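Structure first, commentary second.
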Amino acid sequence: MVDLSRRKIMLEAAGAAAAVGVAASAQAASFGNPDRPAEGAINAKTASATSNPGPQSSAMADQFPNFQNPPATDVNGMPLFWASFNNAHKRQQSGGWAREVTQDDFAISETISGVNMRLSAGGIREMHWHQQAEWAYMATGRCRITVLDTEGRPSVQDVKAGDLWYFPPGLPHSLQGLGPDGAEFVLAFDNGKASEFNTLLLTDWIAHTPPDVLAANFGVPADAFKNIPVDNLWIFQGDEPPPLAAAQAAAASSAGTPPFPFVFSMGDMVPLIKTRGGQVQIADSRNFKMSSNIAAALVTVKPGGMRELHWHPNADEWQYYISGKARMTVFDTGPKAVTADFNPGDVGYVKKSLGHYVQNTGNTELKFLEIFRSDHYAEISLSEWLAHTPPELVIQHLNITKQTWDQFPKRRLDVLPG
Ligand code: MN
Ligand code: MN
C-alpha cells in the first residue's frame, strides 16, 4: 500500500511536469524515473519536446492517455498488446452481425482469437463446425445452443447473460437468439488464426455435394433438395424456436445425453476470491469439466482498486474489457515496460509469464475477462513470492527495511482496494 501511494505521487508529478512541458527538477535515474534509457515527459528539456502540433484525432488519441504521455517507468519496444472490437469491421446479415479480432489484425495473439456476435430474437448462426475449440461468454440477452458429441449424444440448452459455453474442436453446433431482444456474446477460439468468417457450414456442404450423392446419403430422391440455398446463410433471421423442453425432446437420441454440460453459469457462481477491492470468478476444467482447453477468470475491480502485480506461468492471457476503464503495464526482459489504456469492447494480450497489473482508472466498476489456452487457471503473485522468500534476500535485493517487508501482504490479495 505504501509503495502504491508513492507510485501514485510520482505519476502525478510526471503528469504535472508534462502539462507545463518542462521538468527542470527532473533527475535521471531516480525513483520513478529509471535510466537506460531515460524515457517519459519528466526528462524533457523544453516545452516543444512534449507538445504535439501535428495532425491528430483527439477523439481517438484521448482514449490513450498512457500512450500519449507514458509513465517515466515505461521503456518502449514491445509488440502492441491492445486491440478492440470497437474498430473491427462488422459483417451484418439479416439475423445479426459479427466482428472479430484475429492474429491477422493483432499479431501478438497467437493462442486466442476473439469474436463479438449479435443475434436478433430468432436470429440463427448457421449450423456449422470448425477445427478449433469454441468458448463463449454471454454479455446480454438469451441464446439457444445446440451441439452433438462424438457418441451421438445431443445437447440443447438456453443460456443467459453471465453464462459460458464450450464446444470441443469439430463438434457441430448452432446458436439462436431468443426473445425478447436476442443475444450478444463474445467467443474465444483456442487458436489466434481462427476466424468466424471461415467455418464449415451446413449449407455450403450440401450445395457442393453432387445431387446423386445427397440422394444416396439421405435415402430420398435427389429433387427433394431442389430448393436448397446455393449461397450459405451464415447468420440469418429465423423463426423463434419452440419451448426448450419440446426442442430437447425433438432432438433426443437413444444414445442419451452428454455426461458433462456444455454450459456453465459463471455469473451465478460464488467467487473463488472476494476482497474489499473486488472479486475473481474462475471457470476452468476443474469446475467447468467440458472446458478442457480454455480457462477463464472474470475479474471485478472497484473504483480506485487494482488487480495486483502478477503473472501466469502456464499460458498467454487474452483479455476482454466488459465495463469501466483500466490501464495495464506489461513488463518484459530488456527491461521493457509498456502501459496501455482499455475501454469497454477492447482486447488486451499478455504473453506467458510477463508481469502485469490492471488498475481501475475510472469512477465505475471495472469488469474484464482473462482467458487462457489451458485446462487450468494459474498465477504467481509478486507479493506472495516476496512474502514467502527469506526476508534477508528480499531486503538485500530491494534495499528496503525489514519493517517495510513486514508490511507486505503475506498472501495473494488478487484485487486490492483503492
Ligand atoms: Mn462455432
Ligand atoms: Mn493476469
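Convention: chains lettered A, B, ... in C-alpha cells order; per-chain residue numbering from 1; ligands numbered from 1 as shown.
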Self-check item: Contacts of ligand 2, 8 Å or closer, only C-alpha atoms and all ligand atoms, given as a PyMOL selection string
Solution: chain A and resi 310-312+317+350+356-358+370+379
Exercise. List all protein, DNA and RNA residues that have an atom no more than 7 Å from any atom of ligand 1, counting only C-alpha atoms and all ligand atoms, and report them as a ChimeraX atom specification.
Key: /A:128-130,134,173
Just to be explicit: take each residue in the selection above, keep all heavy atoms, and write the result as an mmCIF file, in the first residue's frame.
```cif
data_model
loop_
_atom_site.group_PDB
_atom_site.id
_atom_site.type_symbol
_atom_site.label_atom_id
_atom_site.label_comp_id
_atom_site.auth_asym_id
_atom_site.auth_seq_id
_atom_site.Cartn_x
_atom_site.Cartn_y
_atom_site.Cartn_z
ATOM 1 N N HIS A 128 -22.918 -25.347 -38.012
ATOM 2 C CA HIS A 128 -21.553 -25.377 -38.533
ATOM 3 C C HIS A 128 -20.629 -26.107 -37.582
ATOM 4 O O HIS A 128 -21.037 -26.524 -36.490
ATOM 5 C CB HIS A 128 -21.059 -23.936 -38.755
ATOM 6 C CG HIS A 128 -20.790 -23.199 -37.471
ATOM 7 N ND1 HIS A 128 -21.790 -22.638 -36.707
ATOM 8 C CD2 HIS A 128 -19.640 -22.949 -36.800
ATOM 9 C CE1 HIS A 128 -21.269 -22.064 -35.636
ATOM 10 N NE2 HIS A 128 -19.969 -22.241 -35.662
ATOM 11 N N TRP A 129 -19.365 -26.223 -37.974
ATOM 12 C CA TRP A 129 -18.328 -26.764 -37.100
ATOM 13 C C TRP A 129 -16.988 -26.206 -37.535
ATOM 14 O O TRP A 129 -16.898 -25.526 -38.554
ATOM 15 C CB TRP A 129 -18.352 -28.300 -37.087
ATOM 16 C CG TRP A 129 -17.913 -28.996 -38.340
ATOM 17 C CD1 TRP A 129 -16.706 -29.618 -38.547
ATOM 18 C CD2 TRP A 129 -18.664 -29.188 -39.550
ATOM 19 N NE1 TRP A 129 -16.666 -30.162 -39.812
ATOM 20 C CE2 TRP A 129 -17.847 -29.921 -40.448
ATOM 21 C CE3 TRP A 129 -19.939 -28.805 -39.987
ATOM 22 C CZ2 TRP A 129 -18.259 -30.269 -41.742
ATOM 23 C CZ3 TRP A 129 -20.345 -29.146 -41.270
ATOM 24 C CH2 TRP A 129 -19.515 -29.879 -42.135
ATOM 25 N N HIS A 130 -15.963 -26.446 -36.739
ATOM 26 C CA HIS A 130 -14.619 -25.936 -37.072
ATOM 27 C C HIS A 130 -13.572 -26.728 -36.321
ATOM 28 O O HIS A 130 -13.890 -27.521 -35.433
ATOM 29 C CB HIS A 130 -14.506 -24.435 -36.786
ATOM 30 C CG HIS A 130 -15.322 -23.944 -35.632
ATOM 31 N ND1 HIS A 130 -14.994 -24.198 -34.331
ATOM 32 C CD2 HIS A 130 -16.495 -23.242 -35.593
ATOM 33 C CE1 HIS A 130 -15.910 -23.634 -33.533
ATOM 34 N NE2 HIS A 130 -16.833 -23.069 -34.267
ATOM 35 N N GLU A 134 -14.377 -23.793 -29.198
ATOM 36 C CA GLU A 134 -15.082 -22.506 -29.080
ATOM 37 C C GLU A 134 -15.550 -22.324 -27.647
ATOM 38 O O GLU A 134 -16.267 -23.158 -27.111
ATOM 39 C CB GLU A 134 -16.292 -22.493 -30.028
ATOM 40 C CG GLU A 134 -17.226 -21.298 -29.848
ATOM 41 C CD GLU A 134 -18.363 -21.297 -30.868
ATOM 42 O OE1 GLU A 134 -18.115 -21.656 -32.042
ATOM 43 O OE2 GLU A 134 -19.505 -20.964 -30.484
ATOM 44 N N HIS A 173 -22.498 -27.499 -34.186
ATOM 45 C CA HIS A 173 -23.335 -26.715 -33.275
ATOM 46 C C HIS A 173 -24.073 -25.602 -34.011
ATOM 47 O O HIS A 173 -23.799 -25.315 -35.180
ATOM 48 C CB HIS A 173 -22.494 -26.132 -32.137
ATOM 49 C CG HIS A 173 -21.283 -25.364 -32.596
ATOM 50 N ND1 HIS A 173 -20.089 -25.977 -32.884
ATOM 51 C CD2 HIS A 173 -21.084 -24.041 -32.815
ATOM 52 C CE1 HIS A 173 -19.199 -25.066 -33.263
ATOM 53 N NE2 HIS A 173 -19.776 -23.870 -33.239
#
```
Segment 276-308 of chain A near segment 183-191 of chain A within 12 Å: what's each residue's closest atom pair and its distance in Å to one decimal, counting only C-alpha atoms, ordered by chain then ascending residue number, as CSV?
```
residue,atom,partner,partner_atom,distance
A:Ser291,CA,A:Asp190,CA,11.0
A:Ser292,CA,A:Asp190,CA,10.7
A:Asn293,CA,A:Asp190,CA,7.2
A:Ile294,CA,A:Asp190,CA,7.1
A:Ala295,CA,A:Asp190,CA,10.5
A:Ala296,CA,A:Ala188,CA,10.4
```
Residues as selected, C-alpha atoms, written as an mmCIF file, in the first residue's frame, can you do that?
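Output file again-v9.cif is given in full below:
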```cif
data_model
loop_
_atom_site.group_PDB
_atom_site.id
_atom_site.type_symbol
_atom_site.label_atom_id
_atom_site.label_comp_id
_atom_site.auth_asym_id
_atom_site.auth_seq_id
_atom_site.Cartn_x
_atom_site.Cartn_y
_atom_site.Cartn_z
ATOM 1 C CA SER A 291 -13.749 -26.703 -20.937
ATOM 2 C CA SER A 292 -10.640 -28.809 -21.435
ATOM 3 C CA ASN A 293 -8.586 -26.216 -23.342
ATOM 4 C CA ILE A 294 -9.816 -22.803 -22.129
ATOM 5 C CA ALA A 295 -9.524 -21.427 -18.598
ATOM 6 C CA ALA A 296 -11.170 -18.115 -17.721
#
```
Quiz item: In terms of the shortest atom-to-atom distance over only C-alpha atoms, which of A:Phe81, A:Ile400, A:Gly179, A:Leu354 is closest to Gly334 of chain A?
Solution: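 Looking at the shortest contact to Gly334 of chain A, the residue is A:Leu354.
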Self-check item: Separation of atom CA of Ala161 of chain A from atom CA of Val101 of chain A, in Å and rounded to one decimal
Solution: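 Atom CA of Val101 of chain A lies at a distance of 21.7 Å from atom CA of Ala161 of chain A.
Of the listed residues A:Phe218, A:Phe262, A:Tyr377, A:Tyr137, the one whose atoms come nearest to Ile322 of chain A is A:Tyr137, with distances taken using only C-alpha atoms.
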Quiz item: Got a sec to tell me which of segment 152-329 of chain A DSSP assigns to strand (DSSP E), as a VMD selection string?
Solution: chain A and resid 154 to 160 163 to 167 173 to 177 183 to 189 200 to 201 235 to 237 263 to 265 273 to 275 278 to 283 295 to 301 306 to 311 317 to 323 326 to 329
Self-check item: From A:Arg36, A:Lys45, A:His376, A:Arg412, residue lying nearest Ile273 of chain A [only C-alpha atoms]
Solution: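 Under the stated criterion, the closest residue is A:Arg412.
Among the candidate residues A:Leu178, A:Cys143, A:Ala38, A:Ala215, the one lying nearest to Thr73 of chain A is A:Ala38, with distances computed using only C-alpha atoms.
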Exercise. Do a neighbour search on segment 234-240 of chain A at 9 Å with only C-alpha atoms, toss out local chain neighbours closer than 4 positions, and write the hits as a VMD selection string.
Key: chain A and resid 92 to 98 119 to 128 176 to 179 197 201 203
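In this comparison, which uses only C-alpha atoms, the residue of A:Pro271, A:Gly345, A:Thr401, A:Val299 approaching Glu100 of chain A most closely is A:Gly345.
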Quiz item: How many Å lie between atom CA of Val159 of chain A and atom CA of Phe372 of chain A, rounded to one decimal?
Solution: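 Atom CA of Phe372 of chain A lies at a distance of 22.0 Å from atom CA of Val159 of chain A.
Near Phe260 of chain A, within a cut-off of 8 Å and counting only C-alpha atoms, sit the residues Pro258, Phe262, Lys289 and Met290 of chain A, with same-chain residues fewer than 2 positions away left out.
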Quiz item: Which neighbours of Arg153 of chain A fall inside 12 Å, counting only C-alpha atoms, when residues of the same chain fewer than 3 positions from it are skipped, and could you give them as a ChimeraX atom specification?
Solution: /A:146-150,156,171-172,248,251-262
Self-check item: Nearest to Lys351 of chain A by atom-to-atom distance, counting only C-alpha atoms, from A:Phe264, A:Trp405, A:Phe331, A:Phe368
Solution: A:Phe331
Quiz item: Near Gln68 of chain A, counting only C-alpha atoms, which residues have an atom at most 12 Å away, once you skip same-chain residues fewer than 5 positions from it, shown as a PyMOL selection string?
Solution: chain A and resi 15+18-19+40-41+50-52+56+58+60-63+338-341
Can you spit out the residues from that selection as a compact mmCIF listing (two decimals), in the first residue's frame, using N, CA and C atoms?
```
# COMPACT_ATOMS: atom_id res chain seq x y z
N GLY A 15 2.89 13.71 -14.60
CA GLY A 15 1.79 14.29 -15.37
C GLY A 15 1.80 15.80 -15.30
N ALA A 18 4.52 17.20 -17.40
CA ALA A 18 4.18 17.15 -18.83
C ALA A 18 3.24 18.29 -19.19
N ALA A 19 2.35 18.63 -18.25
CA ALA A 19 1.37 19.68 -18.52
C ALA A 19 2.05 21.01 -18.80
N GLY A 40 10.04 9.30 -20.85
CA GLY A 40 8.99 9.98 -20.10
C GLY A 40 9.15 11.48 -20.14
N ALA A 41 7.99 12.19 -20.07
CA ALA A 41 7.98 13.64 -20.19
C ALA A 41 8.81 14.31 -19.10
N THR A 50 7.66 18.01 -25.76
CA THR A 50 6.49 17.20 -25.40
C THR A 50 5.22 17.62 -26.12
N SER A 51 5.23 18.74 -26.81
CA SER A 51 4.00 19.18 -27.47
C SER A 51 3.75 18.33 -28.71
N ASN A 52 2.54 18.43 -29.27
CA ASN A 52 2.14 17.54 -30.37
C ASN A 52 1.37 18.35 -31.40
N GLN A 56 -3.76 15.06 -35.86
CA GLN A 56 -4.21 14.04 -34.91
C GLN A 56 -5.72 14.11 -34.77
N SER A 58 -8.29 13.93 -31.86
CA SER A 58 -8.32 13.91 -30.39
C SER A 58 -9.34 12.89 -29.89
N MET A 60 -9.80 10.00 -30.89
CA MET A 60 -9.11 8.71 -30.75
C MET A 60 -7.96 8.81 -29.76
N ALA A 61 -7.13 9.84 -29.93
CA ALA A 61 -5.93 9.96 -29.09
C ALA A 61 -6.28 10.05 -27.60
N ASP A 62 -7.39 10.72 -27.28
CA ASP A 62 -7.74 10.93 -25.87
C ASP A 62 -8.12 9.63 -25.15
N GLN A 63 -8.37 8.58 -25.92
CA GLN A 63 -8.64 7.29 -25.27
C GLN A 63 -7.37 6.63 -24.75
N VAL A 338 5.49 -1.36 -20.99
CA VAL A 338 4.59 -0.50 -21.77
C VAL A 338 3.23 -0.47 -21.09
N THR A 339 2.68 0.74 -20.97
CA THR A 339 1.41 0.95 -20.31
C THR A 339 0.35 1.30 -21.36
N ALA A 340 -0.79 0.64 -21.29
CA ALA A 340 -1.88 0.89 -22.25
C ALA A 340 -3.19 1.10 -21.50
N ASP A 341 -4.10 1.82 -22.15
CA ASP A 341 -5.43 2.08 -21.57
C ASP A 341 -6.47 1.21 -22.26
```
Quiz item: Which residues, written as a PyMOL selection string, have at least one atom at most 12 Å from Lys226 of chain A, with only C-alpha atoms counted and residues fewer than 4 positions away on the same chain left out?
Solution: chain A and resi 206-207+210-212+214-215+220-222+230
Next, dump the selected residues to file, keeping only C-alpha atoms, as a PDB file, in the first residue's frame.
```
ATOM      1  CA  ILE A 206     -24.999 -29.583 -49.139  1.00  0.00           C
ATOM      2  CA  ALA A 207     -24.756 -27.114 -52.044  1.00  0.00           C
ATOM      3  CA  PRO A 210     -23.489 -33.916 -56.213  1.00  0.00           C
ATOM      4  CA  PRO A 211     -27.298 -34.467 -56.051  1.00  0.00           C
ATOM      5  CA  ASP A 212     -26.995 -38.256 -56.542  1.00  0.00           C
ATOM      6  CA  LEU A 214     -27.184 -36.467 -51.438  1.00  0.00           C
ATOM      7  CA  ALA A 215     -29.929 -38.868 -52.578  1.00  0.00           C
ATOM      8  CA  VAL A 220     -34.562 -39.575 -50.535  1.00  0.00           C
ATOM      9  CA  PRO A 221     -34.977 -38.564 -54.192  1.00  0.00           C
ATOM     10  CA  ALA A 222     -32.401 -36.037 -55.400  1.00  0.00           C
ATOM     11  CA  VAL A 230     -26.940 -22.117 -53.195  1.00  0.00           C
TER      12      VAL A 230
END
```
Practice problem: Would you work out the distance separating atom CA of Asp181 of chain A from atom CA of Asp163 of chain A, expressed in Å to one decimal? | Solution: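 Going from atom CA of Asp181 of chain A over to atom CA of Asp163 of chain A covers 16.6 Å.
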